[in-house]
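Report on the following structure.
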Amino acid sequence: MRRILVFPCGSEIGLEIHRSVRFSRHFELIGASSVEDHGRFVYRDYVGGLPFHTDPDFVPRLEELVTQQKIDAIFPTMDAVAATLQSRQADIGCRIVGSSPETTAVCASKSATYHRLSGDLPTPRVFASVDEVPTFPIFIKPDRGYGTRHCLKADSAEAARSFLDGKQESMLLQEYLPGPEWTVDCFSDRHGRLRFHAARRRNRISNGISVNTTPCSDFRAEFAQWAEAINRRLQPRGAWFFQARQHADGQPRLLEVAARLGGSSGVFRCLGVNFALLSLFDAFDQDVMLEPNRYDIELDRALANRYRIALQFSEVFVDLDDCLLLGKKINAPLVAFLYQAVSEGKKVTLLTRHRGDLDQTLKHARLTALFDRVLHLKASEPKSAFIDSPDSILIDDSFAERQDVARTAGIAVFAPDMVEALL
């Protein structure tokens with residue numbers, strides 16, 4: 001397995017790379033970050049406290065980490081980080097997944113992107129100063145950056161000047177585009193061929209991230225032409241994307257090009273186009289095939305919980321009715337945890353007072369092979385009397401049962417809604 005360092009791993013891109021690659025038998029992921037982030041809850045192998053990519057110690061520390069961890073390639077997840085890594089690849093001593101240093105540098109700057117693509121694609125009108133703006137509103141955003149950080153829709157010259165006052169970074173003053181917005185996710189291989197491009201609507205946006213997106217059934221023909229033109233002029237490699245928004249005249253304008261995969265490109269991964277895996281195989285000079293499925297799909301994103309729990313146990317006691325079985329349905333998250341426990345070498349014991357034919361119930365639910373032991377209790381028997389391992393936990397829907405076991409056996413007890421903390 002190739003060992004891949006994802007940096008910074010807690011970004012939305014880093015989390016998508018983890019979702020994309022975690023089941024691959026070809027690549028092993030190691031997450032790294034400069035600041036404490038969500039990556040340490042997601043990546044099994046995690047390295048924190050790396051210097052920022054702008055720090056003089058960044059490359060020496062990274063070179064040391066590459067040697068210690070036997071890293072085969074680094075997968076950057078932010079535009080500025082990618083530009084730094086690509087420019088210092090010879091010093092770091094391993095492959096950097098993605099486009100060339102020149103392409104990465106151009107895509108890191110919106111003004112440089114517009115200049116390179118001038119004449120090939122329609123771009124928003126850019127004003128040199130507030131005084132040049134003929135009508136408002138306008139949109140102000142950093143030349144380097146992503147999402148909606150440090151951006152403003154300025155409805156007046158006064159609002160624009162107030163927003164720009166004291167800012168050190170280079171800002172772009174653009175005409176405001178009022179229409180819908182699209183992201184076009186693309187993949188180009190090492191031979192320079194554009195292998196995939198597809199548009200999706202950015203239906204709902206939070207903090208600059210498309211949190212609801214759907215592939216476009218009415219794909220605009222010009223986006224295919226744009227993808228070919230960008231591929232020809234910028235020569236990206238691996239996953240990349242561009243964003244466009246509709247002008248008041250009804251025609252789209254290019255907003256930006258990014259030499260990395262998009263955070264919500266997982267909607268195409270679930271159609272069979274895994275941008276992270278494709279990029280990794282291509283980075284190691286392997287040819288790839290693409291064969292996406294064809295069905296309607298919608299991606300909606302929200303905050304999700306991940307936990308670290310300081311609890312050691314070797315056996316799981318679990319209840320059946322209203323716990324592992326919810327009426328006639330199986331509690332799928334609980335089954336997932338139980339199989340996780342099995343894969344970690346823990347015992348799983350069913351502890352139940354099921355009133356029907358237990359063997360037939362388990363067979364019907366296809367749960368017969370899951371348990372190391374099946375303890376079928378009589379109605380009057382307390383479950384606490386059967387907890388014969390002090391190094392165990394109980395999962396049960398009944399508060400009274402959990403309370404009795406916790407007090408009598410002195411072990412941790414979980415209701416079904418608490419199981420997410422164990423996954």
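Ordering of the structure tokens sets the chain letters (A, B, ...); residue numbers start at 1 within each chain; ligands are numbered from 1 in the order shown.
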
Taking the backbone alone, and naming residues the way the document does, which bits of region 86-254 of chain A are strand (DSSP E) by DSSP, as a ChimeraX atom specification? /A:95-96,126-127,138-142,152-154,171-175,181-188,194-206,209-215,238-246,252-254

Find the residues around Gln69 (chain A) up to 9 Å (only C-alpha atoms counted), leave out those fewer than 4 positions away in its own chain, and share them as a tab-separated table (two decimals) with N, CA and C atoms, in the first residue's frame.
```
chain	number	residue	atom	x	y	z
A	3	ARG	N	1.63	4.97	1.01
A	3	ARG	CA	1.29	5.78	2.18
A	3	ARG	C	1.13	7.23	1.74
A	5	LEU	N	0.07	11.13	2.70
A	5	LEU	CA	-0.13	12.15	3.73
A	5	LEU	C	-1.11	13.18	3.21
A	30	ILE	N	-2.58	8.95	6.00
A	30	ILE	CA	-2.08	9.55	7.23
A	30	ILE	C	-2.51	11.02	7.20
A	64	GLU	N	11.15	15.81	7.31
A	64	GLU	CA	11.40	14.88	8.41
A	64	GLU	C	10.24	13.91	8.58
A	65	LEU	N	9.01	14.43	8.49
A	65	LEU	CA	7.82	13.59	8.63
A	65	LEU	C	7.74	12.58	7.49
```

For Gln246 (chain A): contacts at 12 Å, only C-alpha atoms, fewer than 4 positions along chain excluded, given as a PDB file with N, CA and C atoms, in the first residue's frame:
```pdb
ATOM      1  N   PRO A 122     -15.632  33.801 -20.932  1.00  0.00           N
ATOM      2  CA  PRO A 122     -16.147  35.070 -20.406  1.00  0.00           C
ATOM      3  C   PRO A 122     -15.934  35.148 -18.899  1.00  0.00           C
ATOM      4  N   THR A 123     -15.372  36.240 -18.435  1.00  0.00           N
ATOM      5  CA  THR A 123     -15.105  36.445 -17.007  1.00  0.00           C
ATOM      6  C   THR A 123     -15.834  37.702 -16.534  1.00  0.00           C
ATOM      7  N   PRO A 124     -16.030  37.857 -15.228  1.00  0.00           N
ATOM      8  CA  PRO A 124     -16.697  39.066 -14.733  1.00  0.00           C
ATOM      9  C   PRO A 124     -15.831  40.307 -15.012  1.00  0.00           C
ATOM     10  N   GLU A 175     -18.021  43.014 -11.037  1.00  0.00           N
ATOM     11  CA  GLU A 175     -19.449  43.230 -11.227  1.00  0.00           C
ATOM     12  C   GLU A 175     -20.217  42.117 -10.521  1.00  0.00           C
ATOM     13  N   TYR A 176     -21.370  42.441  -9.998  1.00  0.00           N
ATOM     14  CA  TYR A 176     -22.161  41.468  -9.264  1.00  0.00           C
ATOM     15  C   TYR A 176     -22.931  40.589 -10.247  1.00  0.00           C
ATOM     16  N   LEU A 177     -22.883  39.295 -10.012  1.00  0.00           N
ATOM     17  CA  LEU A 177     -23.591  38.332 -10.851  1.00  0.00           C
ATOM     18  C   LEU A 177     -24.770  37.793 -10.052  1.00  0.00           C
ATOM     19  N   PRO A 178     -26.002  38.078 -10.461  1.00  0.00           N
ATOM     20  CA  PRO A 178     -27.166  37.774  -9.618  1.00  0.00           C
ATOM     21  C   PRO A 178     -27.760  36.386  -9.805  1.00  0.00           C
ATOM     22  N   GLY A 179     -27.318  35.642 -10.820  1.00  0.00           N
ATOM     23  CA  GLY A 179     -27.999  34.405 -11.178  1.00  0.00           C
ATOM     24  C   GLY A 179     -27.522  33.180 -10.437  1.00  0.00           C
ATOM     25  N   PRO A 180     -27.983  32.002 -10.863  1.00  0.00           N
ATOM     26  CA  PRO A 180     -27.583  30.739 -10.229  1.00  0.00           C
ATOM     27  C   PRO A 180     -26.100  30.450 -10.427  1.00  0.00           C
ATOM     28  N   GLU A 181     -25.588  29.555  -9.583  1.00  0.00           N
ATOM     29  CA  GLU A 181     -24.155  29.259  -9.586  1.00  0.00           C
ATOM     30  C   GLU A 181     -23.942  27.762  -9.808  1.00  0.00           C
ATOM     31  N   TRP A 182     -22.894  27.440 -10.548  1.00  0.00           N
ATOM     32  CA  TRP A 182     -22.566  26.051 -10.842  1.00  0.00           C
ATOM     33  C   TRP A 182     -21.115  25.762 -10.484  1.00  0.00           C
ATOM     34  N   THR A 183     -20.860  24.501 -10.150  1.00  0.00           N
ATOM     35  CA  THR A 183     -19.502  23.967 -10.088  1.00  0.00           C
ATOM     36  C   THR A 183     -19.403  22.877 -11.139  1.00  0.00           C
ATOM     37  N   ARG A 201     -25.410  22.005  -9.682  1.00  0.00           N
ATOM     38  CA  ARG A 201     -25.922  23.273  -9.163  1.00  0.00           C
ATOM     39  C   ARG A 201     -25.568  23.425  -7.691  1.00  0.00           C
ATOM     40  N   ARG A 220     -25.225  22.848 -19.478  1.00  0.00           N
ATOM     41  CA  ARG A 220     -25.036  23.888 -20.476  1.00  0.00           C
ATOM     42  C   ARG A 220     -23.896  23.503 -21.406  1.00  0.00           C
ATOM     43  N   GLY A 250     -28.143  36.696 -18.623  1.00  0.00           N
ATOM     44  CA  GLY A 250     -28.537  35.311 -18.803  1.00  0.00           C
ATOM     45  C   GLY A 250     -27.415  34.365 -19.136  1.00  0.00           C
ATOM     46  N   GLN A 251     -26.213  34.900 -19.377  1.00  0.00           N
ATOM     47  CA  GLN A 251     -25.075  34.069 -19.729  1.00  0.00           C
ATOM     48  C   GLN A 251     -24.146  33.895 -18.537  1.00  0.00           C
ATOM     49  N   PRO A 252     -23.513  32.728 -18.398  1.00  0.00           N
ATOM     50  CA  PRO A 252     -22.615  32.498 -17.256  1.00  0.00           C
ATOM     51  C   PRO A 252     -21.270  33.190 -17.434  1.00  0.00           C
ATOM     52  N   ARG A 253     -20.626  33.460 -16.310  1.00  0.00           N
ATOM     53  CA  ARG A 253     -19.265  34.006 -16.301  1.00  0.00           C
ATOM     54  C   ARG A 253     -18.406  33.095 -15.423  1.00  0.00           C
ATOM     55  N   LEU A 254     -17.152  32.940 -15.781  1.00  0.00           N
ATOM     56  CA  LEU A 254     -16.230  32.148 -14.983  1.00  0.00           C
ATOM     57  C   LEU A 254     -15.888  32.879 -13.689  1.00  0.00           C
ATOM     58  N   LEU A 255     -15.983  32.200 -12.565  1.00  0.00           N
ATOM     59  CA  LEU A 255     -15.603  32.784 -11.280  1.00  0.00           C
ATOM     60  C   LEU A 255     -14.176  32.412 -10.888  1.00  0.00           C
TER      61      LEU A 255
END
```

Give the helix (DSSP H, G or I) residues of region 110-187 of chain A, as DSSP finds them on the backbone, and put them as an MDAnalysis selection string. chainID A and resid 110:117 130:132 157:164

Could you write out that same residue set with N, CA and C atoms as a PDB file, in the first residue's frame?
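part_20.pdb written:
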```
ATOM      1  N   LYS A 110      -7.018  34.406  -8.684  1.00  0.00           N
ATOM      2  CA  LYS A 110      -8.123  34.599  -9.623  1.00  0.00           C
ATOM      3  C   LYS A 110      -7.740  35.553 -10.750  1.00  0.00           C
ATOM      4  N   SER A 111      -6.997  36.601 -10.414  1.00  0.00           N
ATOM      5  CA  SER A 111      -6.591  37.542 -11.461  1.00  0.00           C
ATOM      6  C   SER A 111      -5.655  36.881 -12.464  1.00  0.00           C
ATOM      7  N   ALA A 112      -4.736  36.031 -11.977  1.00  0.00           N
ATOM      8  CA  ALA A 112      -3.843  35.312 -12.886  1.00  0.00           C
ATOM      9  C   ALA A 112      -4.629  34.331 -13.742  1.00  0.00           C
ATOM     10  N   THR A 113      -5.659  33.717 -13.167  1.00  0.00           N
ATOM     11  CA  THR A 113      -6.510  32.794 -13.925  1.00  0.00           C
ATOM     12  C   THR A 113      -7.240  33.534 -15.031  1.00  0.00           C
ATOM     13  N   TYR A 114      -7.815  34.702 -14.697  1.00  0.00           N
ATOM     14  CA  TYR A 114      -8.526  35.489 -15.710  1.00  0.00           C
ATOM     15  C   TYR A 114      -7.574  35.914 -16.829  1.00  0.00           C
ATOM     16  N   HIS A 115      -6.362  36.310 -16.455  1.00  0.00           N
ATOM     17  CA  HIS A 115      -5.390  36.758 -17.450  1.00  0.00           C
ATOM     18  C   HIS A 115      -5.012  35.606 -18.385  1.00  0.00           C
ATOM     19  N   ARG A 116      -4.779  34.416 -17.816  1.00  0.00           N
ATOM     20  CA  ARG A 116      -4.365  33.280 -18.634  1.00  0.00           C
ATOM     21  C   ARG A 116      -5.486  32.831 -19.573  1.00  0.00           C
ATOM     22  N   LEU A 117      -6.726  32.936 -19.115  1.00  0.00           N
ATOM     23  CA  LEU A 117      -7.855  32.456 -19.913  1.00  0.00           C
ATOM     24  C   LEU A 117      -8.538  33.554 -20.713  1.00  0.00           C
ATOM     25  N   VAL A 130     -12.743  51.648  -6.580  1.00  0.00           N
ATOM     26  CA  VAL A 130     -14.155  51.953  -6.339  1.00  0.00           C
ATOM     27  C   VAL A 130     -14.612  53.086  -7.241  1.00  0.00           C
ATOM     28  N   ASP A 131     -13.722  54.018  -7.522  1.00  0.00           N
ATOM     29  CA  ASP A 131     -14.087  55.162  -8.357  1.00  0.00           C
ATOM     30  C   ASP A 131     -14.459  54.757  -9.780  1.00  0.00           C
ATOM     31  N   GLU A 132     -13.989  53.604 -10.233  1.00  0.00           N
ATOM     32  CA  GLU A 132     -14.277  53.154 -11.595  1.00  0.00           C
ATOM     33  C   GLU A 132     -15.622  52.445 -11.716  1.00  0.00           C
ATOM     34  N   ALA A 157     -20.759  52.775  -2.845  1.00  0.00           N
ATOM     35  CA  ALA A 157     -19.331  53.105  -2.815  1.00  0.00           C
ATOM     36  C   ALA A 157     -18.846  53.222  -1.375  1.00  0.00           C
ATOM     37  N   GLU A 158     -19.680  53.769  -0.517  1.00  0.00           N
ATOM     38  CA  GLU A 158     -19.289  53.924   0.887  1.00  0.00           C
ATOM     39  C   GLU A 158     -19.070  52.569   1.548  1.00  0.00           C
ATOM     40  N   ALA A 159     -19.966  51.629   1.266  1.00  0.00           N
ATOM     41  CA  ALA A 159     -19.820  50.293   1.842  1.00  0.00           C
ATOM     42  C   ALA A 159     -18.556  49.613   1.316  1.00  0.00           C
ATOM     43  N   ALA A 160     -18.257  49.808   0.062  1.00  0.00           N
ATOM     44  CA  ALA A 160     -17.064  49.208  -0.536  1.00  0.00           C
ATOM     45  C   ALA A 160     -15.799  49.782   0.078  1.00  0.00           C
ATOM     46  N   ARG A 161     -15.737  51.103   0.221  1.00  0.00           N
ATOM     47  CA  ARG A 161     -14.538  51.744   0.795  1.00  0.00           C
ATOM     48  C   ARG A 161     -14.350  51.343   2.257  1.00  0.00           C
ATOM     49  N   SER A 162     -15.445  51.269   2.989  1.00  0.00           N
ATOM     50  CA  SER A 162     -15.357  50.884   4.397  1.00  0.00           C
ATOM     51  C   SER A 162     -14.836  49.454   4.531  1.00  0.00           C
ATOM     52  N   PHE A 163     -15.293  48.565   3.660  1.00  0.00           N
ATOM     53  CA  PHE A 163     -14.865  47.165   3.704  1.00  0.00           C
ATOM     54  C   PHE A 163     -13.389  47.023   3.332  1.00  0.00           C
ATOM     55  N   LEU A 164     -12.940  47.824   2.373  1.00  0.00           N
ATOM     56  CA  LEU A 164     -11.566  47.720   1.883  1.00  0.00           C
ATOM     57  C   LEU A 164     -10.559  48.421   2.782  1.00  0.00           C
TER      58      LEU A 164
END
```

With a distance cut-off of 6 Å and only C-alpha atoms, select the neighbouring residues of Ala199 (chain A), excluding the residue or stretch itself and same-chain residues fewer than 3 positions from it, and output the selection as a PyMOL selection string. chain A and resi 183-184+215-216

Expected file contents, prior selection, N, CA and C atoms, as a PDB file, in the first residue's frame:
```
ATOM      1  N   THR A 183     -20.860  24.501 -10.150  1.00  0.00           N
ATOM      2  CA  THR A 183     -19.502  23.967 -10.088  1.00  0.00           C
ATOM      3  C   THR A 183     -19.403  22.877 -11.139  1.00  0.00           C
ATOM      4  N   VAL A 184     -18.316  22.886 -11.903  1.00  0.00           N
ATOM      5  CA  VAL A 184     -18.076  21.843 -12.906  1.00  0.00           C
ATOM      6  C   VAL A 184     -16.855  21.057 -12.450  1.00  0.00           C
ATOM      7  N   PRO A 215     -26.371  17.167  -9.591  1.00  0.00           N
ATOM      8  CA  PRO A 215     -25.867  17.207 -10.968  1.00  0.00           C
ATOM      9  C   PRO A 215     -26.911  17.815 -11.887  1.00  0.00           C
ATOM     10  N   CYS A 216     -26.455  18.567 -12.864  1.00  0.00           N
ATOM     11  CA  CYS A 216     -27.362  19.263 -13.776  1.00  0.00           C
ATOM     12  C   CYS A 216     -27.861  18.324 -14.855  1.00  0.00           C
TER      13      CYS A 216
END
```

Which of these, A:Arg355, A:Arg88, A:Lys346, A:Lys383, has the shortest distance to Asp319 (chain A) once you count only C-alpha atoms? A:Lys383

I want to know what sits within 12 Å of Leu375 (chain A), based on only C-alpha atoms, with residues of the same chain fewer than 4 positions away left out; could you give that as a list in words? Phe317, Val318, Asp319, Leu320, Val348, Thr349, Leu350, Leu351, Thr352, Arg353, His354, Leu358, Asp359, Phe371, Glu381, Pro382, Lys383, Ala385, Phe386, Ile387 and Asp388 of chain A

N, CA and C atoms of the current selection, written as an mmCIF file, in the first residue's frame:
```cif
data_model
loop_
_atom_site.group_PDB
_atom_site.id
_atom_site.type_symbol
_atom_site.label_atom_id
_atom_site.label_comp_id
_atom_site.auth_asym_id
_atom_site.auth_seq_id
_atom_site.Cartn_x
_atom_site.Cartn_y
_atom_site.Cartn_z
ATOM 1 N N PHE A 317 -22.611 -6.824 25.614
ATOM 2 C CA PHE A 317 -23.914 -7.430 25.856
ATOM 3 C C PHE A 317 -24.954 -6.535 25.196
ATOM 4 N N VAL A 318 -25.844 -7.117 24.398
ATOM 5 C CA VAL A 318 -26.798 -6.299 23.658
ATOM 6 C C VAL A 318 -28.188 -6.919 23.735
ATOM 7 N N ASP A 319 -29.189 -6.058 23.875
ATOM 8 C CA ASP A 319 -30.592 -6.454 23.925
ATOM 9 C C ASP A 319 -31.124 -6.605 22.500
ATOM 10 N N LEU A 320 -32.238 -7.316 22.354
ATOM 11 C CA LEU A 320 -32.817 -7.560 21.029
ATOM 12 C C LEU A 320 -34.008 -6.659 20.731
ATOM 13 N N VAL A 348 -19.429 -10.715 21.379
ATOM 14 C CA VAL A 348 -20.764 -10.118 21.317
ATOM 15 C C VAL A 348 -21.760 -11.135 21.866
ATOM 16 N N THR A 349 -22.473 -10.736 22.913
ATOM 17 C CA THR A 349 -23.435 -11.627 23.566
ATOM 18 C C THR A 349 -24.828 -11.020 23.503
ATOM 19 N N LEU A 350 -25.778 -11.795 22.980
ATOM 20 C CA LEU A 350 -27.171 -11.370 22.965
ATOM 21 C C LEU A 350 -27.808 -11.715 24.301
ATOM 22 N N LEU A 351 -28.445 -10.718 24.911
ATOM 23 C CA LEU A 351 -29.066 -10.881 26.237
ATOM 24 C C LEU A 351 -30.517 -10.435 26.098
ATOM 25 N N THR A 352 -31.461 -11.396 26.045
ATOM 26 C CA THR A 352 -32.820 -11.030 25.665
ATOM 27 C C THR A 352 -33.865 -11.864 26.412
ATOM 28 N N ARG A 353 -35.076 -11.277 26.553
ATOM 29 C CA ARG A 353 -36.252 -11.991 27.062
ATOM 30 C C ARG A 353 -37.285 -12.141 25.943
ATOM 31 N N HIS A 354 -36.838 -12.249 24.742
ATOM 32 C CA HIS A 354 -37.728 -12.333 23.575
ATOM 33 C C HIS A 354 -38.826 -13.378 23.796
ATOM 34 N N LEU A 358 -37.094 -17.448 19.337
ATOM 35 C CA LEU A 358 -35.888 -16.641 19.192
ATOM 36 C C LEU A 358 -35.076 -17.071 17.975
ATOM 37 N N ASP A 359 -34.912 -18.381 17.784
ATOM 38 C CA ASP A 359 -34.128 -18.857 16.644
ATOM 39 C C ASP A 359 -34.744 -18.388 15.330
ATOM 40 N N PHE A 371 -23.501 -13.521 16.933
ATOM 41 C CA PHE A 371 -23.241 -13.572 18.374
ATOM 42 C C PHE A 371 -22.320 -14.731 18.756
ATOM 43 N N GLU A 381 -36.012 -13.051 35.283
ATOM 44 C CA GLU A 381 -34.570 -13.035 35.527
ATOM 45 C C GLU A 381 -33.973 -11.670 35.194
ATOM 46 N N PRO A 382 -33.238 -11.069 36.138
ATOM 47 C CA PRO A 382 -32.606 -9.773 35.860
ATOM 48 C C PRO A 382 -31.381 -9.955 34.964
ATOM 49 N N LYS A 383 -31.200 -9.031 34.065
ATOM 50 C CA LYS A 383 -30.056 -9.133 33.162
ATOM 51 C C LYS A 383 -28.734 -8.979 33.913
ATOM 52 N N ALA A 385 -27.776 -10.365 36.448
ATOM 53 C CA ALA A 385 -27.278 -11.650 36.945
ATOM 54 C C ALA A 385 -26.469 -12.404 35.902
ATOM 55 N N PHE A 386 -26.556 -11.982 34.649
ATOM 56 C CA PHE A 386 -25.871 -12.692 33.570
ATOM 57 C C PHE A 386 -24.645 -11.941 33.052
ATOM 58 N N ILE A 387 -24.366 -10.793 33.638
ATOM 59 C CA ILE A 387 -23.164 -10.040 33.252
ATOM 60 C C ILE A 387 -21.989 -10.672 33.982
ATOM 61 N N ASP A 388 -21.289 -11.579 33.284
ATOM 62 C CA ASP A 388 -20.220 -12.340 33.926
ATOM 63 C C ASP A 388 -18.828 -11.852 33.518
#
```

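Among the candidates A:Arg2, A:Arg237, A:His191, A:Arg125, the one nearest to Phe275 (chain A) when counting only C-alpha atoms is A:Arg237.
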